[in-house]
file structure04.tsv (TSV, N, CA and C atoms)
chain	number	residue	atom	x	y	z
A	1	GLN	N	45.53	-11.78	46.14
A	1	GLN	CA	44.71	-11.29	45.03
A	1	GLN	C	43.24	-11.53	45.37
A	2	VAL	N	42.45	-10.50	45.23
A	2	VAL	CA	41.04	-10.62	45.53
A	2	VAL	C	40.35	-11.43	44.45
A	3	GLN	N	39.52	-12.36	44.88
A	3	GLN	CA	38.74	-13.15	43.93
A	3	GLN	C	37.31	-13.29	44.40
A	4	LEU	N	36.42	-13.28	43.43
A	4	LEU	CA	35.02	-13.61	43.67
A	4	LEU	C	34.72	-14.79	42.75
A	5	VAL	N	34.44	-15.92	43.33
A	5	VAL	CA	34.20	-17.14	42.56
A	5	VAL	C	32.72	-17.46	42.61
A	6	GLU	N	32.11	-17.51	41.45
A	6	GLU	CA	30.66	-17.70	41.34
A	6	GLU	C	30.33	-19.14	40.96
A	7	SER	N	29.14	-19.55	41.34
A	7	SER	CA	28.61	-20.84	40.91
A	7	SER	C	27.09	-20.73	40.84
A	8	GLY	N	26.48	-21.72	40.21
A	8	GLY	CA	25.04	-21.70	40.01
A	8	GLY	C	24.74	-21.16	38.62
A	9	GLY	N	23.52	-20.76	38.42
A	9	GLY	CA	23.13	-20.25	37.12
A	9	GLY	C	22.83	-21.38	36.16
A	10	GLY	N	22.90	-21.08	34.86
A	10	GLY	CA	22.58	-22.07	33.85
A	10	GLY	C	21.20	-21.83	33.27
A	11	SER	N	20.55	-22.91	32.87
A	11	SER	CA	19.24	-22.81	32.23
A	11	SER	C	18.14	-23.21	33.18
A	12	ALA	N	16.99	-22.59	33.04
A	12	ALA	CA	15.84	-22.89	33.88
A	12	ALA	C	14.56	-22.64	33.09
A	13	GLN	N	13.50	-23.24	33.55
A	13	GLN	CA	12.19	-23.05	32.94
A	13	GLN	C	11.47	-21.90	33.62
A	14	SER	N	10.63	-21.23	32.87
A	14	SER	CA	9.81	-20.18	33.45
A	14	SER	C	8.99	-20.75	34.60
A	15	GLY	N	8.97	-20.02	35.70
A	15	GLY	CA	8.29	-20.50	36.89
A	15	GLY	C	9.17	-21.29	37.83
A	16	GLY	N	10.36	-21.63	37.38
A	16	GLY	CA	11.28	-22.41	38.19
A	16	GLY	C	12.05	-21.54	39.17
A	17	ALA	N	13.11	-22.12	39.74
A	17	ALA	CA	13.92	-21.42	40.73
A	17	ALA	C	15.38	-21.74	40.53
A	18	LEU	N	16.22	-20.87	41.02
A	18	LEU	CA	17.65	-21.14	40.99
A	18	LEU	C	18.33	-20.42	42.14
A	19	THR	N	19.47	-20.95	42.53
A	19	THR	CA	20.28	-20.33	43.58
A	19	THR	C	21.67	-20.08	43.04
A	20	LEU	N	22.13	-18.86	43.18
A	20	LEU	CA	23.48	-18.51	42.82
A	20	LEU	C	24.32	-18.47	44.08
A	21	SER	N	25.62	-18.59	43.92
A	21	SER	CA	26.51	-18.52	45.07
A	21	SER	C	27.80	-17.84	44.68
A	22	CYS	N	28.37	-17.10	45.63
A	22	CYS	CA	29.61	-16.38	45.37
A	22	CYS	C	30.47	-16.46	46.62
A	23	VAL	N	31.72	-16.87	46.44
A	23	VAL	CA	32.68	-16.93	47.54
A	23	VAL	C	33.73	-15.85	47.32
A	24	GLU	N	33.95	-15.04	48.35
A	24	GLU	CA	34.94	-13.98	48.21
A	24	GLU	C	36.18	-14.26	49.02
A	25	SER	N	37.30	-13.75	48.52
A	25	SER	CA	38.57	-13.92	49.22
A	25	SER	C	39.22	-12.55	49.42
A	26	ILE	N	38.39	-11.58	49.79
A	26	ILE	CA	38.89	-10.22	49.95
A	26	ILE	C	39.75	-10.10	51.20
A	27	GLY	N	39.47	-10.92	52.18
A	27	GLY	CA	40.23	-10.84	53.43
A	27	GLY	C	39.37	-10.31	54.55
A	28	ALA	N	39.89	-10.39	55.73
A	28	ALA	CA	39.13	-10.03	56.92
A	28	ALA	C	38.81	-8.53	56.93
A	29	ARG	N	37.56	-8.24	57.05
A	29	ARG	CA	37.10	-6.87	57.17
A	29	ARG	C	35.94	-6.86	58.15
A	30	PRO	N	35.75	-5.76	58.87
A	30	PRO	CA	34.65	-5.73	59.84
A	30	PRO	C	33.29	-5.86	59.17
A	31	SER	N	33.18	-5.37	57.97
A	31	SER	CA	31.90	-5.46	57.27
A	31	SER	C	32.14	-5.34	55.78
A	32	ILE	N	31.30	-5.98	55.03
A	32	ILE	CA	31.44	-5.97	53.59
A	32	ILE	C	30.06	-6.03	52.95
A	33	CYS	N	29.95	-5.41	51.82
A	33	CYS	CA	28.72	-5.47	51.04
A	33	CYS	C	28.95	-6.44	49.89
A	34	MET	N	28.05	-7.37	49.72
A	34	MET	CA	28.12	-8.30	48.60
A	34	MET	C	26.75	-8.36	47.93
A	35	GLY	N	26.78	-8.70	46.68
A	35	GLY	CA	25.51	-8.80	45.99
A	35	GLY	C	25.64	-9.28	44.57
A	36	TRP	N	24.53	-9.24	43.87
A	36	TRP	CA	24.46	-9.70	42.51
A	36	TRP	C	23.89	-8.63	41.61
A	37	PHE	N	24.48	-8.53	40.43
A	37	PHE	CA	24.02	-7.63	39.40
A	37	PHE	C	23.76	-8.46	38.15
A	38	ARG	N	23.03	-7.92	37.23
A	38	ARG	CA	22.81	-8.63	35.97
A	38	ARG	C	22.83	-7.66	34.81
A	39	GLN	N	23.17	-8.21	33.66
A	39	GLN	CA	23.25	-7.40	32.45
A	39	GLN	C	22.75	-8.22	31.28
A	40	ALA	N	21.68	-7.75	30.69
A	40	ALA	CA	21.14	-8.37	29.49
A	40	ALA	C	21.77	-7.70	28.27
A	41	PRO	N	21.78	-8.36	27.13
A	41	PRO	CA	22.37	-7.76	25.92
A	41	PRO	C	21.77	-6.40	25.60
A	42	GLY	N	22.63	-5.42	25.40
A	42	GLY	CA	22.18	-4.09	25.05
A	42	GLY	C	21.66	-3.27	26.20
A	43	MET	N	21.75	-3.82	27.42
A	43	MET	CA	21.23	-3.12	28.59
A	43	MET	C	22.38	-2.78	29.54
A	44	GLU	N	22.12	-1.82	30.44
A	44	GLU	CA	23.10	-1.49	31.45
A	44	GLU	C	23.10	-2.56	32.55
A	45	ARG	N	24.22	-2.67	33.23
A	45	ARG	CA	24.29	-3.58	34.37
A	45	ARG	C	23.44	-3.00	35.50
A	46	GLU	N	22.58	-3.84	36.07
A	46	GLU	CA	21.69	-3.35	37.11
A	46	GLU	C	21.81	-4.22	38.36
A	47	PRO	N	21.61	-3.63	39.54
A	47	PRO	CA	21.64	-4.43	40.76
A	47	PRO	C	20.40	-5.30	40.86
A	48	VAL	N	20.60	-6.51	41.37
A	48	VAL	CA	19.49	-7.43	41.59
A	48	VAL	C	19.19	-7.52	43.08
A	49	ALA	N	20.21	-7.82	43.85
A	49	ALA	CA	20.06	-7.92	45.30
A	49	ALA	C	21.43	-7.74	45.94
A	50	THR	N	21.48	-6.99	47.02
A	50	THR	CA	22.72	-6.79	47.76
A	50	THR	C	22.45	-6.85	49.25
A	51	ILE	N	23.46	-7.16	50.01
A	51	ILE	CA	23.32	-7.25	51.45
A	51	ILE	C	24.68	-7.07	52.10
A	52	ALA	N	24.70	-6.46	53.27
A	52	ALA	CA	25.95	-6.25	54.00
A	52	ALA	C	26.06	-7.27	55.14
A	53	THR	N	27.23	-7.35	55.70
A	53	THR	CA	27.50	-8.26	56.81
A	53	THR	C	26.46	-8.07	57.91
A	54	GLY	N	26.01	-9.18	58.48
A	54	GLY	CA	25.01	-9.10	59.53
A	54	GLY	C	23.60	-8.89	59.02
A	55	GLY	N	23.44	-8.97	57.71
A	55	GLY	CA	22.11	-8.78	57.13
A	55	GLY	C	21.68	-7.34	57.02
A	56	ARG	N	22.64	-6.44	57.17
A	56	ARG	CA	22.30	-5.01	57.12
A	56	ARG	C	22.10	-4.55	55.68
A	57	HIS	N	21.28	-3.53	55.55
A	57	HIS	CA	21.02	-2.82	54.29
A	57	HIS	C	20.65	-3.75	53.14
A	58	PRO	N	19.69	-4.65	53.31
A	58	PRO	CA	19.30	-5.49	52.18
A	58	PRO	C	18.62	-4.65	51.10
A	59	TYR	N	18.90	-5.01	49.87
A	59	TYR	CA	18.29	-4.31	48.72
A	59	TYR	C	17.85	-5.34	47.70
A	60	TYR	N	16.65	-5.13	47.15
A	60	TYR	CA	16.14	-5.96	46.06
A	60	TYR	C	15.59	-5.04	44.98
A	61	ALA	N	15.94	-5.33	43.76
A	61	ALA	CA	15.36	-4.59	42.65
A	61	ALA	C	13.86	-4.84	42.60
A	62	ASP	N	13.11	-3.87	42.15
A	62	ASP	CA	11.65	-4.01	42.08
A	62	ASP	C	11.27	-5.24	41.25
A	63	SER	N	12.07	-5.55	40.25
A	63	SER	CA	11.73	-6.65	39.34
A	63	SER	C	11.83	-8.03	40.00
A	64	VAL	N	12.52	-8.11	41.16
A	64	VAL	CA	12.67	-9.41	41.82
A	64	VAL	C	12.07	-9.43	43.23
A	65	LYS	N	11.55	-8.31	43.69
A	65	LYS	CA	10.97	-8.26	45.03
A	65	LYS	C	9.84	-9.26	45.15
A	66	GLY	N	9.83	-9.94	46.26
A	66	GLY	CA	8.80	-10.93	46.51
A	66	GLY	C	9.11	-12.31	45.96
A	67	ARG	N	10.12	-12.42	45.14
A	67	ARG	CA	10.50	-13.73	44.60
A	67	ARG	C	12.01	-13.94	44.66
A	68	SER	N	12.67	-13.16	45.50
A	68	SER	CA	14.11	-13.31	45.65
A	68	SER	C	14.50	-13.12	47.10
A	69	SER	N	15.52	-13.84	47.53
A	69	SER	CA	16.07	-13.66	48.87
A	69	SER	C	17.57	-13.77	48.77
A	70	ILE	N	18.25	-13.04	49.62
A	70	ILE	CA	19.71	-13.08	49.60
A	70	ILE	C	20.21	-13.17	51.03
A	71	SER	N	21.26	-13.93	51.23
A	71	SER	CA	21.85	-14.07	52.55
A	71	SER	C	23.37	-14.08	52.42
A	72	GLN	N	24.01	-13.63	53.49
A	72	GLN	CA	25.47	-13.61	53.51
A	72	GLN	C	25.95	-14.46	54.67
A	73	ASP	N	26.79	-15.43	54.38
A	73	ASP	CA	27.37	-16.29	55.41
A	73	ASP	C	28.79	-15.80	55.68
A	74	THR	N	28.96	-15.07	56.77
A	74	THR	CA	30.25	-14.47	57.06
A	74	THR	C	31.33	-15.51	57.30
A	75	ALA	N	30.97	-16.61	57.96
A	75	ALA	CA	31.96	-17.65	58.26
A	75	ALA	C	32.51	-18.29	56.99
A	76	LYS	N	31.67	-18.39	55.96
A	76	LYS	CA	32.08	-19.01	54.71
A	76	LYS	C	32.42	-17.99	53.63
A	77	ASN	N	32.31	-16.71	53.97
A	77	ASN	CA	32.59	-15.64	53.00
A	77	ASN	C	31.76	-15.81	51.73
A	78	THR	N	30.50	-16.14	51.92
A	78	THR	CA	29.64	-16.48	50.79
A	78	THR	C	28.36	-15.66	50.81
A	79	VAL	N	27.90	-15.30	49.64
A	79	VAL	CA	26.59	-14.70	49.51
A	79	VAL	C	25.79	-15.55	48.52
A	80	SER	N	24.54	-15.82	48.86
A	80	SER	CA	23.74	-16.73	48.04
A	80	SER	C	22.35	-16.15	47.84
A	81	PRO	N	22.07	-15.64	46.67
A	81	PRO	CA	20.72	-15.21	46.38
A	81	PRO	C	19.92	-16.35	45.74
A	82	ARG	N	18.66	-16.41	46.04
A	82	ARG	CA	17.79	-17.40	45.46
A	82	ARG	C	16.64	-16.68	44.78
A	83	MET	N	16.31	-17.09	43.60
A	83	MET	CA	15.21	-16.50	42.86
A	83	MET	C	14.20	-17.58	42.52
A	84	THR	N	12.93	-17.27	42.72
A	84	THR	CA	11.86	-18.19	42.38
A	84	THR	C	10.95	-17.55	41.34
A	85	ASN	N	10.00	-18.34	40.85
A	85	ASN	CA	9.06	-17.86	39.84
A	85	ASN	C	9.81	-17.13	38.71
A	86	LEU	N	10.81	-17.80	38.18
A	86	LEU	CA	11.65	-17.20	37.15
A	86	LEU	C	10.85	-16.83	35.91
A	87	ARG	N	11.31	-15.78	35.25
A	87	ARG	CA	10.65	-15.29	34.04
A	87	ARG	C	11.69	-15.18	32.92
A	88	PRO	N	11.27	-15.25	31.67
A	88	PRO	CA	12.23	-15.03	30.58
A	88	PRO	C	12.98	-13.71	30.71
A	89	ALA	N	12.34	-12.69	31.31
A	89	ALA	CA	13.00	-11.40	31.48
A	89	ALA	C	14.16	-11.46	32.46
A	90	ASP	N	14.27	-12.54	33.22
A	90	ASP	CA	15.41	-12.72	34.12
A	90	ASP	C	16.66	-13.20	33.39
A	91	THR	N	16.53	-13.54	32.12
A	91	THR	CA	17.67	-13.99	31.34
A	91	THR	C	18.71	-12.89	31.23
A	92	ALA	N	19.93	-13.17	31.65
A	92	ALA	CA	21.00	-12.18	31.64
A	92	ALA	C	22.29	-12.85	32.11
A	93	MET	N	23.38	-12.11	32.00
A	93	MET	CA	24.63	-12.50	32.65
A	93	MET	C	24.59	-11.95	34.07
A	94	TYR	N	24.79	-12.81	35.04
A	94	TYR	CA	24.75	-12.42	36.44
A	94	TYR	C	26.16	-12.32	36.99
A	95	TYR	N	26.43	-11.22	37.69
A	95	TYR	CA	27.74	-10.96	38.23
A	95	TYR	C	27.67	-10.80	39.75
A	96	CYS	N	28.59	-11.43	40.44
A	96	CYS	CA	28.77	-11.19	41.87
A	96	CYS	C	29.67	-9.97	42.05
A	97	ALA	N	29.37	-9.17	43.05
A	97	ALA	CA	30.17	-7.98	43.31
A	97	ALA	C	30.34	-7.78	44.81
A	98	ALA	N	31.40	-7.09	45.18
A	98	ALA	CA	31.66	-6.82	46.59
A	98	ALA	C	32.35	-5.48	46.75
A	99	ASP	N	32.14	-4.87	47.91
A	99	ASP	CA	32.82	-3.61	48.24
A	99	ASP	C	32.55	-3.31	49.70
A	100	THR	N	32.85	-2.13	50.14
A	100	THR	CA	32.62	-1.76	51.53
A	100	THR	C	31.12	-1.68	51.83
A	101	GLU	N	30.80	-1.66	53.09
A	101	GLU	CA	29.39	-1.63	53.49
A	101	GLU	C	28.67	-0.40	52.92
A	102	GLU	N	29.38	0.67	52.74
A	102	GLU	CA	28.76	1.88	52.22
A	102	GLU	C	28.10	1.64	50.86
A	103	SER	N	28.68	0.77	50.08
A	103	SER	CA	28.11	0.50	48.75
A	103	SER	C	26.71	-0.08	48.84
A	104	CYS	N	26.44	-0.85	49.89
A	104	CYS	CA	25.10	-1.38	50.10
A	104	CYS	C	24.12	-0.27	50.46
A	105	MET	N	24.62	0.74	51.14
A	105	MET	CA	23.75	1.82	51.59
A	105	MET	C	23.33	2.73	50.45
A	106	ILE	N	24.13	2.79	49.40
A	106	ILE	CA	23.86	3.72	48.31
A	106	ILE	C	23.61	3.03	46.98
A	107	VAL	N	23.47	1.72	46.98
A	107	VAL	CA	23.31	1.01	45.71
A	107	VAL	C	22.08	1.47	44.95
A	108	VAL	N	21.02	1.85	45.64
A	108	VAL	CA	19.81	2.28	44.95
A	108	VAL	C	20.05	3.56	44.18
A	109	VAL	N	21.07	4.31	44.59
A	109	VAL	CA	21.36	5.59	43.92
A	109	VAL	C	22.42	5.41	42.84
A	110	ILE	N	23.50	4.68	43.18
A	110	ILE	CA	24.65	4.62	42.27
A	110	ILE	C	24.77	3.31	41.51
A	111	GLY	N	23.94	2.34	41.79
A	111	GLY	CA	23.97	1.08	41.06
A	111	GLY	C	25.29	0.37	41.22
A	112	SER	N	25.90	-0.03	40.11
A	112	SER	CA	27.12	-0.83	40.15
A	112	SER	C	28.38	0.01	40.23
A	113	ARG	N	28.28	1.32	40.09
A	113	ARG	CA	29.47	2.16	39.91
A	113	ARG	C	30.42	2.16	41.10
A	114	ASN	N	29.92	1.88	42.31
A	114	ASN	CA	30.78	1.98	43.48
A	114	ASN	C	31.40	0.64	43.87
A	115	PHE	N	31.09	-0.41	43.15
A	115	PHE	CA	31.59	-1.73	43.51
A	115	PHE	C	32.93	-1.99	42.82
A	116	GLY	N	33.93	-2.34	43.64
A	116	GLY	CA	35.28	-2.48	43.11
A	116	GLY	C	35.71	-3.90	42.79
A	117	TYR	N	34.98	-4.88	43.29
A	117	TYR	CA	35.35	-6.28	43.07
A	117	TYR	C	34.23	-6.99	42.33
A	118	TRP	N	34.64	-7.75	41.30
A	118	TRP	CA	33.64	-8.41	40.45
A	118	TRP	C	34.04	-9.84	40.14
A	119	GLY	N	33.03	-10.69	40.03
A	119	GLY	CA	33.24	-12.04	39.55
A	119	GLY	C	33.26	-12.07	38.03
A	120	GLN	N	33.44	-13.25	37.48
A	120	GLN	CA	33.59	-13.38	36.03
A	120	GLN	C	32.25	-13.41	35.30
A	121	GLY	N	31.19	-13.62	36.01
A	121	GLY	CA	29.86	-13.64	35.39
A	121	GLY	C	29.36	-15.04	35.15
A	122	ASN	N	28.07	-15.24	35.34
A	122	ASN	CA	27.41	-16.52	35.11
A	122	ASN	C	26.16	-16.29	34.29
A	123	GLN	N	26.02	-17.01	33.20
A	123	GLN	CA	24.85	-16.84	32.35
A	123	GLN	C	23.64	-17.56	32.96
A	124	VAL	N	22.53	-16.87	32.99
A	124	VAL	CA	21.25	-17.45	33.40
A	124	VAL	C	20.29	-17.28	32.24
A	125	THR	N	19.70	-18.38	31.79
A	125	THR	CA	18.76	-18.35	30.68
A	125	THR	C	17.45	-18.99	31.12
A	126	VAL	N	16.38	-18.23	31.03
A	126	VAL	CA	15.06	-18.73	31.42
A	126	VAL	C	14.20	-18.85	30.17
A	127	SER	N	13.73	-20.04	29.93
A	127	SER	CA	12.91	-20.29	28.75
A	127	SER	C	11.43	-20.41	29.15
A	128	SER	N	10.60	-19.98	28.23
A	128	SER	CA	9.16	-20.00	28.52
A	128	SER	C	8.55	-21.35	28.20
call {"tool": "encode", "arguments": {"input": "structure04.tsv", "output": "structure tokens"}}
result
Amino acid sequence: QVQLVESGGGSAQSGGALTLSCVESIGARPSICMGWFRQAPGMEREPVATIATGGRHPYYADSVKGRSSISQDTAKNTVSPRMTNLRPADTAMYYCAADTEESCMIVVVIGSRNFGYWGQGNQVTVSS
């Protein structure tokens, strides 16, 4: 059974930083796209950052560019995005997602719709 197990998140102060982590158990594949999405109340789920095996096709939403980094550790089947200079607007439920490498190539166009594997979600709350 495929699982994406998330950790990190929680509460943070504006201007602070946090690191999320996601471990996948999809199984051996030549390449995989993993990343993080977020959904605030009343809003659509949006991509935050995604990356494929080997660091290919990195994507960052405009709202986090310059203050976010994401890396994928193939040996540990883990993807870990880090966000700095947090803002109250970053408050949302954060979801880890995974799919084939193609999903990383088209995430800017199709958003979350092509991702088939999802974690349970982690709440991130940033207070001013």
call {"tool": "select_by_dssp", "arguments": {"input": "structure04.tsv", "residues": "segment 32-104 of chain A", "states": "helix (DSSP H, G or I)", "output": "JSON list (two decimals) with N, CA and C atoms, in the frame of the given file"}}
result
[["chain", "number", "residue", "atom", "x", "y", "z"],
["A", 53, "THR", "N", 27.23, -7.35, 55.70],
["A", 53, "THR", "CA", 27.50, -8.26, 56.81],
["A", 53, "THR", "C", 26.46, -8.07, 57.91],
["A", 54, "GLY", "N", 26.01, -9.18, 58.48],
["A", 54, "GLY", "CA", 25.01, -9.10, 59.53],
["A", 54, "GLY", "C", 23.60, -8.89, 59.02],
["A", 55, "GLY", "N", 23.44, -8.97, 57.71],
["A", 55, "GLY", "CA", 22.11, -8.78, 57.13],
["A", 55, "GLY", "C", 21.68, -7.34, 57.02],
["A", 88, "PRO", "N", 11.27, -15.25, 31.67],
["A", 88, "PRO", "CA", 12.23, -15.03, 30.58],
["A", 88, "PRO", "C", 12.98, -13.71, 30.71],
["A", 89, "ALA", "N", 12.34, -12.69, 31.31],
["A", 89, "ALA", "CA", 13.00, -11.40, 31.48],
["A", 89, "ALA", "C", 14.16, -11.46, 32.46],
["A", 90, "ASP", "N", 14.27, -12.54, 33.22],
["A", 90, "ASP", "CA", 15.41, -12.72, 34.12],
["A", 90, "ASP", "C", 16.66, -13.20, 33.39],
["A", 101, "GLU", "N", 30.80, -1.66, 53.09],
["A", 101, "GLU", "CA", 29.39, -1.63, 53.49],
["A", 101, "GLU", "C", 28.67, -0.40, 52.92],
["A", 102, "GLU", "N", 29.38, 0.67, 52.74],
["A", 102, "GLU", "CA", 28.76, 1.88, 52.22],
["A", 102, "GLU", "C", 28.10, 1.64, 50.86],
["A", 103, "SER", "N", 28.68, 0.77, 50.08],
["A", 103, "SER", "CA", 28.11, 0.50, 48.75],
["A", 103, "SER", "C", 26.71, -0.08, 48.84],
["A", 104, "CYS", "N", 26.44, -0.85, 49.89],
["A", 104, "CYS", "CA", 25.10, -1.38, 50.10],
["A", 104, "CYS", "C", 24.12, -0.27, 50.46]]
call {"tool": "closest_atom_pairs", "arguments": {"input": "structure04.tsv", "of": "segment 95-121 of chain A", "to": "segment 12-23 of chain A", "cutoff": "12 Å", "atoms": "only C-alpha atoms", "output": "tab-separated table"}}
result
residue	atom	partner	partner_atom	distance
A:Tyr95	CA	A:Cys22	CA	9.2
A:Cys96	CA	A:Cys22	CA	6.3
A:Ala97	CA	A:Cys22	CA	8.7
A:Ala98	CA	A:Cys22	CA	9.9
A:Tyr117	CA	A:Cys22	CA	11.8
A:Trp118	CA	A:Cys22	CA	10.2
A:Gly119	CA	A:Cys22	CA	8.1
A:Gln120	CA	A:Cys22	CA	10.6
A:Gly121	CA	A:Cys22	CA	10.4
call {"tool": "closest_residue", "arguments": {"input": "structure04.tsv", "among": "A:Ile26, A:Val124, A:Val64, A:Val5", "to": "Asp90 of chain A", "atoms": "all atoms listed in the file"}}
result
A:Val124
call {"tool": "residues_around", "arguments": {"input": "structure04.tsv", "residues": "Asp99 of chain A", "least_positions_apart": "5", "cutoff": "5 Å", "atoms": "only N, CA and C atoms", "output": "list in words"}}
result
Ile32, Cys33 and Gly116 of chain A
call {"tool": "closest_residue", "arguments": {"input": "structure04.tsv", "among": "A:Gly10, A:Ser25, A:Ala61, A:Ile51", "to": "Asn77 of chain A", "atoms": "all atoms listed in the file"}}
result
A:Ser25
call {"tool": "closest_residue", "arguments": {"input": "structure04.tsv", "among": "A:Met93, A:Ile110, A:Met43, A:Leu86", "to": "Glu6 of chain A", "atoms": "only C-alpha atoms"}}
result
A:Met93
call {"tool": "closest_residue", "arguments": {"input": "structure04.tsv", "among": "A:Thr50, A:Ala89, A:Ser7, A:Ala40", "to": "Ile70 of chain A", "atoms": "only C-alpha atoms"}}
result
A:Thr50
call {"tool": "decode", "arguments": {"input": "structure04.tsv", "residues": "segment 6-27 of chain A", "atoms": "N, CA and C atoms", "output": "mmCIF file, in the first residue's frame"}}
result
data_model
loop_
_atom_site.group_PDB
_atom_site.id
_atom_site.type_symbol
_atom_site.label_atom_id
_atom_site.label_comp_id
_atom_site.auth_asym_id
_atom_site.auth_seq_id
_atom_site.Cartn_x
_atom_site.Cartn_y
_atom_site.Cartn_z
ATOM 1 N N GLU A 6 3.925 12.346 6.516
ATOM 2 C CA GLU A 6 4.407 13.715 6.655
ATOM 3 C C GLU A 6 4.813 14.005 8.100
ATOM 4 N N SER A 7 5.708 14.953 8.243
ATOM 5 C CA SER A 7 6.079 15.455 9.562
ATOM 6 C C SER A 7 6.486 16.916 9.421
ATOM 7 N N GLY A 8 6.592 17.588 10.551
ATOM 8 C CA GLY A 8 6.899 19.007 10.548
ATOM 9 C C GLY A 8 5.616 19.804 10.651
ATOM 10 N N GLY A 9 5.687 21.057 10.317
ATOM 11 C CA GLY A 9 4.512 21.903 10.404
ATOM 12 C C GLY A 9 4.288 22.385 11.823
ATOM 13 N N GLY A 10 3.052 22.772 12.118
ATOM 14 C CA GLY A 10 2.729 23.301 13.436
ATOM 15 C C GLY A 10 2.611 24.813 13.399
ATOM 16 N N SER A 11 2.958 25.435 14.507
ATOM 17 C CA SER A 11 2.821 26.889 14.634
ATOM 18 C C SER A 11 4.171 27.571 14.526
ATOM 19 N N ALA A 12 4.176 28.759 13.966
ATOM 20 C CA ALA A 12 5.404 29.534 13.821
ATOM 21 C C ALA A 12 5.068 31.015 13.869
ATOM 22 N N GLN A 13 6.068 31.796 14.160
ATOM 23 C CA GLN A 13 5.920 33.250 14.183
ATOM 24 C C GLN A 13 6.246 33.822 12.818
ATOM 25 N N SER A 14 5.623 34.927 12.495
ATOM 26 C CA SER A 14 5.941 35.621 11.262
ATOM 27 C C SER A 14 7.430 35.950 11.230
ATOM 28 N N GLY A 15 8.052 35.685 10.097
ATOM 29 C CA GLY A 15 9.488 35.886 9.973
ATOM 30 C C GLY A 15 10.303 34.667 10.325
ATOM 31 N N GLY A 16 9.671 33.661 10.886
ATOM 32 C CA GLY A 16 10.366 32.452 11.281
ATOM 33 C C GLY A 16 10.555 31.494 10.113
ATOM 34 N N ALA A 17 10.921 30.259 10.442
ATOM 35 C CA ALA A 17 11.180 29.247 9.420
ATOM 36 C C ALA A 17 10.643 27.903 9.869
ATOM 37 N N LEU A 18 10.401 27.049 8.916
ATOM 38 C CA LEU A 18 10.008 25.688 9.245
ATOM 39 C C LEU A 18 10.436 24.747 8.129
ATOM 40 N N THR A 19 10.595 23.490 8.499
ATOM 41 C CA THR A 19 10.938 22.452 7.531
ATOM 42 C C THR A 19 9.905 21.350 7.609
ATOM 43 N N LEU A 20 9.355 21.002 6.472
ATOM 44 C CA LEU A 20 8.438 19.890 6.381
ATOM 45 C C LEU A 20 9.189 18.690 5.842
ATOM 46 N N SER A 21 8.667 17.509 6.080
ATOM 47 C CA SER A 21 9.303 16.310 5.564
ATOM 48 C C SER A 21 8.242 15.293 5.191
ATOM 49 N N CYS A 22 8.532 14.528 4.146
ATOM 50 C CA CYS A 22 7.588 13.519 3.673
ATOM 51 C C CYS A 22 8.376 12.299 3.240
ATOM 52 N N VAL A 23 7.972 11.140 3.747
ATOM 53 C CA VAL A 23 8.592 9.876 3.376
ATOM 54 C C VAL A 23 7.595 9.074 2.557
ATOM 55 N N GLU A 24 8.040 8.610 1.391
ATOM 56 C CA GLU A 24 7.134 7.846 0.548
ATOM 57 C C GLU A 24 7.512 6.380 0.513
ATOM 58 N N SER A 25 6.497 5.553 0.322
ATOM 59 C CA SER A 25 6.721 4.107 0.235
ATOM 60 C C SER A 25 6.085 3.575 -1.043
ATOM 61 N N ILE A 26 6.272 4.337 -2.122
ATOM 62 C CA ILE A 26 5.658 3.961 -3.392
ATOM 63 C C ILE A 26 6.358 2.751 -3.999
ATOM 64 N N GLY A 27 7.628 2.613 -3.702
ATOM 65 C CA GLY A 27 8.383 1.495 -4.275
ATOM 66 C C GLY A 27 9.391 1.992 -5.283
#
